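*Asks:* Have a look at the structure that comes next, please.
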Amino acid sequence: DTLVRQAETLNTNPAGPLLMILVISLAGSLAVPLTLLVVAAVLAFGSVTGFFYSLAGAELSAMLTYATGQGLGRDMVRRYAGDRLNTVSKQLSKRGILTIVTLRIVPVAPFVVINLVAGASHISFRDFALGTLIGLLPGLLAIAFFADGLIRSIRDPNVGSIAWLGAVILMIAGATLWLRKWQRGRQDATGSRADA
């Protein structure tokens with residue numbers, strides 16, 4: 001009830017959308033889980049509008065931490081991210097957009113770490129921003145629909161709202177299994193090319 005009241009207050013505030021985008025961008029830059037931020041946006045603004053505000057905030061957050069990585073430089077980020085920075089940096093520069101899209105869809109490191117490493121690497125800002133935008137779409141959309149279904153089920157627990165939530169959970173589970181299979185196939189293909 002408290003969260004719903006706060007969300008409704010934010011929704012009625014004329015500066016609410018801008019505040020939500022800024023909160024998501026700053027909180028995301030401080031390593032607050034993106035899932036939690038998307039749920040808050042959906043709670044405040046509904047699934048579609050909350051999704052777009054989440055996407056804008058997450059993209060802004062990624063750009064801020066990319067710029068931070070660029071400002072800190074390779075040596076400082078290497079201390080934080082480890083010695084694999086050179087390998088990741090080379091991959092990013094060769095296939096920048098595709099690598100960032102993959103890292104967003106199948107996260108292998110925290111959101112903030114990927115942004116910092118990308119900023120300290122050879123990837124261009126344009127490739128990073130575009131790859132991030134494309135890569136964030138499926139995950140944020142899934143979280144927004146899941147949160148919407150969960151909120152509907154809590155507010156009005158009936159067969160329709162519970163069925164909607166179940167369908168969303170099944171779609172997310174199916175997509176996750178497919179992505180894992182795709183990633184394993186990609187790793188196997190890369191490994192066999194390296195052996196040859």
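Naming works like this for the structure tokens: A, B, ... for the chains as they're shown, residue 1 at the start of each chain, ligands 1 onward in shown order.
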Extract, using only C-alpha atoms, all DNA, RNA and protein residues at most 7 Å from A:Ala58, discarding same-chain residues fewer than 5 positions from it, and format them as a PyMOL selection string.

*Replies:* chain A and resi 24-25+28

*Asks:* Do a neighbour search on A:Trp164 at 10 Å with only C-alpha atoms, toss out local chain neighbours closer than 5 positions, and write the hits as an mmCIF file with N, CA and C atoms, in the first residue's frame.

*Replies:*
data_model
loop_
_atom_site.group_PDB
_atom_site.id
_atom_site.type_symbol
_atom_site.label_atom_id
_atom_site.label_comp_id
_atom_site.auth_asym_id
_atom_site.auth_seq_id
_atom_site.Cartn_x
_atom_site.Cartn_y
_atom_site.Cartn_z
ATOM 1 N N PHE A 145 6.573 -6.286 -18.240
ATOM 2 C CA PHE A 145 5.360 -7.094 -18.325
ATOM 3 C C PHE A 145 5.192 -8.000 -17.107
ATOM 4 N N PHE A 146 6.316 -8.529 -16.592
ATOM 5 C CA PHE A 146 6.243 -9.345 -15.381
ATOM 6 C C PHE A 146 5.742 -8.500 -14.203
ATOM 7 N N ASP A 148 4.009 -5.760 -14.309
ATOM 8 C CA ASP A 148 2.613 -5.415 -14.546
ATOM 9 C C ASP A 148 1.696 -6.579 -14.160
ATOM 10 N N GLY A 149 2.064 -7.780 -14.576
ATOM 11 C CA GLY A 149 1.268 -8.958 -14.229
ATOM 12 C C GLY A 149 1.230 -9.215 -12.740
ATOM 13 N N LEU A 150 2.373 -9.005 -12.088
ATOM 14 C CA LEU A 150 2.449 -9.199 -10.643
ATOM 15 C C LEU A 150 1.578 -8.175 -9.912
ATOM 16 N N ARG A 152 -1.019 -6.562 -11.127
ATOM 17 C CA ARG A 152 -2.434 -6.892 -11.391
ATOM 18 C C ARG A 152 -2.905 -8.025 -10.489
ATOM 19 N N SER A 153 -2.056 -9.054 -10.338
ATOM 20 C CA SER A 153 -2.426 -10.208 -9.512
ATOM 21 C C SER A 153 -2.569 -9.834 -8.047
ATOM 22 N N VAL A 159 -8.720 -15.066 -11.953
ATOM 23 C CA VAL A 159 -8.162 -16.059 -12.876
ATOM 24 C C VAL A 159 -7.421 -15.386 -14.030
ATOM 25 N N ILE A 169 5.561 -15.382 -17.081
ATOM 26 C CA ILE A 169 6.642 -16.173 -16.471
ATOM 27 C C ILE A 169 7.108 -17.262 -17.439
ATOM 28 N N LEU A 170 6.173 -17.931 -18.090
ATOM 29 C CA LEU A 170 6.542 -18.973 -19.066
ATOM 30 C C LEU A 170 7.315 -18.397 -20.248
#

*Asks:* Residues at most 6 Å from A:Ala120, counting only C-alpha atoms, excluding those fewer than 2 positions away in the same chain, as a list in words?

*Replies:*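 Surrounding residues, per the criterion: Gly69, Gln70, Gly73, Arg74, Val117 and Ala118 of chain A.
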
*Asks:* What does the distance from atom CA of A:Ala109 to atom CA of A:Gly57 come to in Å, to one decimal?

*Replies:*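 Atom-to-atom, atom CA of A:Ala109 and atom CA of A:Gly57 are spaced 19.4 Å apart.
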
*Asks:* Atom CA of A:Leu36 to atom CA of A:Gly174: how many Å, to one decimal?

*Replies:* 21.7 Å

*Asks:* If you count only C-alpha atoms, which residues fall within 12 Å of A:Ala56, apart from same-chain ones fewer than 2 positions away, as number ranges by chain?

*Replies:* A: 17-26, 28, 37-38, 41, 49-54, 58-63, 129, 132-133, 136-137, 140

*Asks:* Nearest to A:Gly166: which of A:Ala147, A:Val113, A:Leu72, A:Val101 is it, counting only C-alpha atoms?

*Replies:*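 Ranked by minimum distance to A:Gly166, first place goes to A:Ala147.
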
*Asks:* Please measure the separation of atom CA of A:Asp156 and atom CA of A:Thr35, giving the value in Å to one decimal.

*Replies:* 22.7 Å

*Asks:* Choose the residue, out of A:Leu64, A:Leu98, A:Leu10, A:Ala163, that has the smallest atom-to-atom separation from A:Ser29; count only C-alpha atoms.

*Replies:*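 Closest residue, counting only C-alpha atoms: A:Leu64.
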
*Asks:* Would you please give, as a PyMOL selection string, all residues of stretch 27-158 of chain A that DSSP assigns to helix (DSSP H, G or I) based on the backbone?

*Replies:* chain A and resi 27-29+34-45+47-72+74-81+85-94+96-105+111-120+125-155
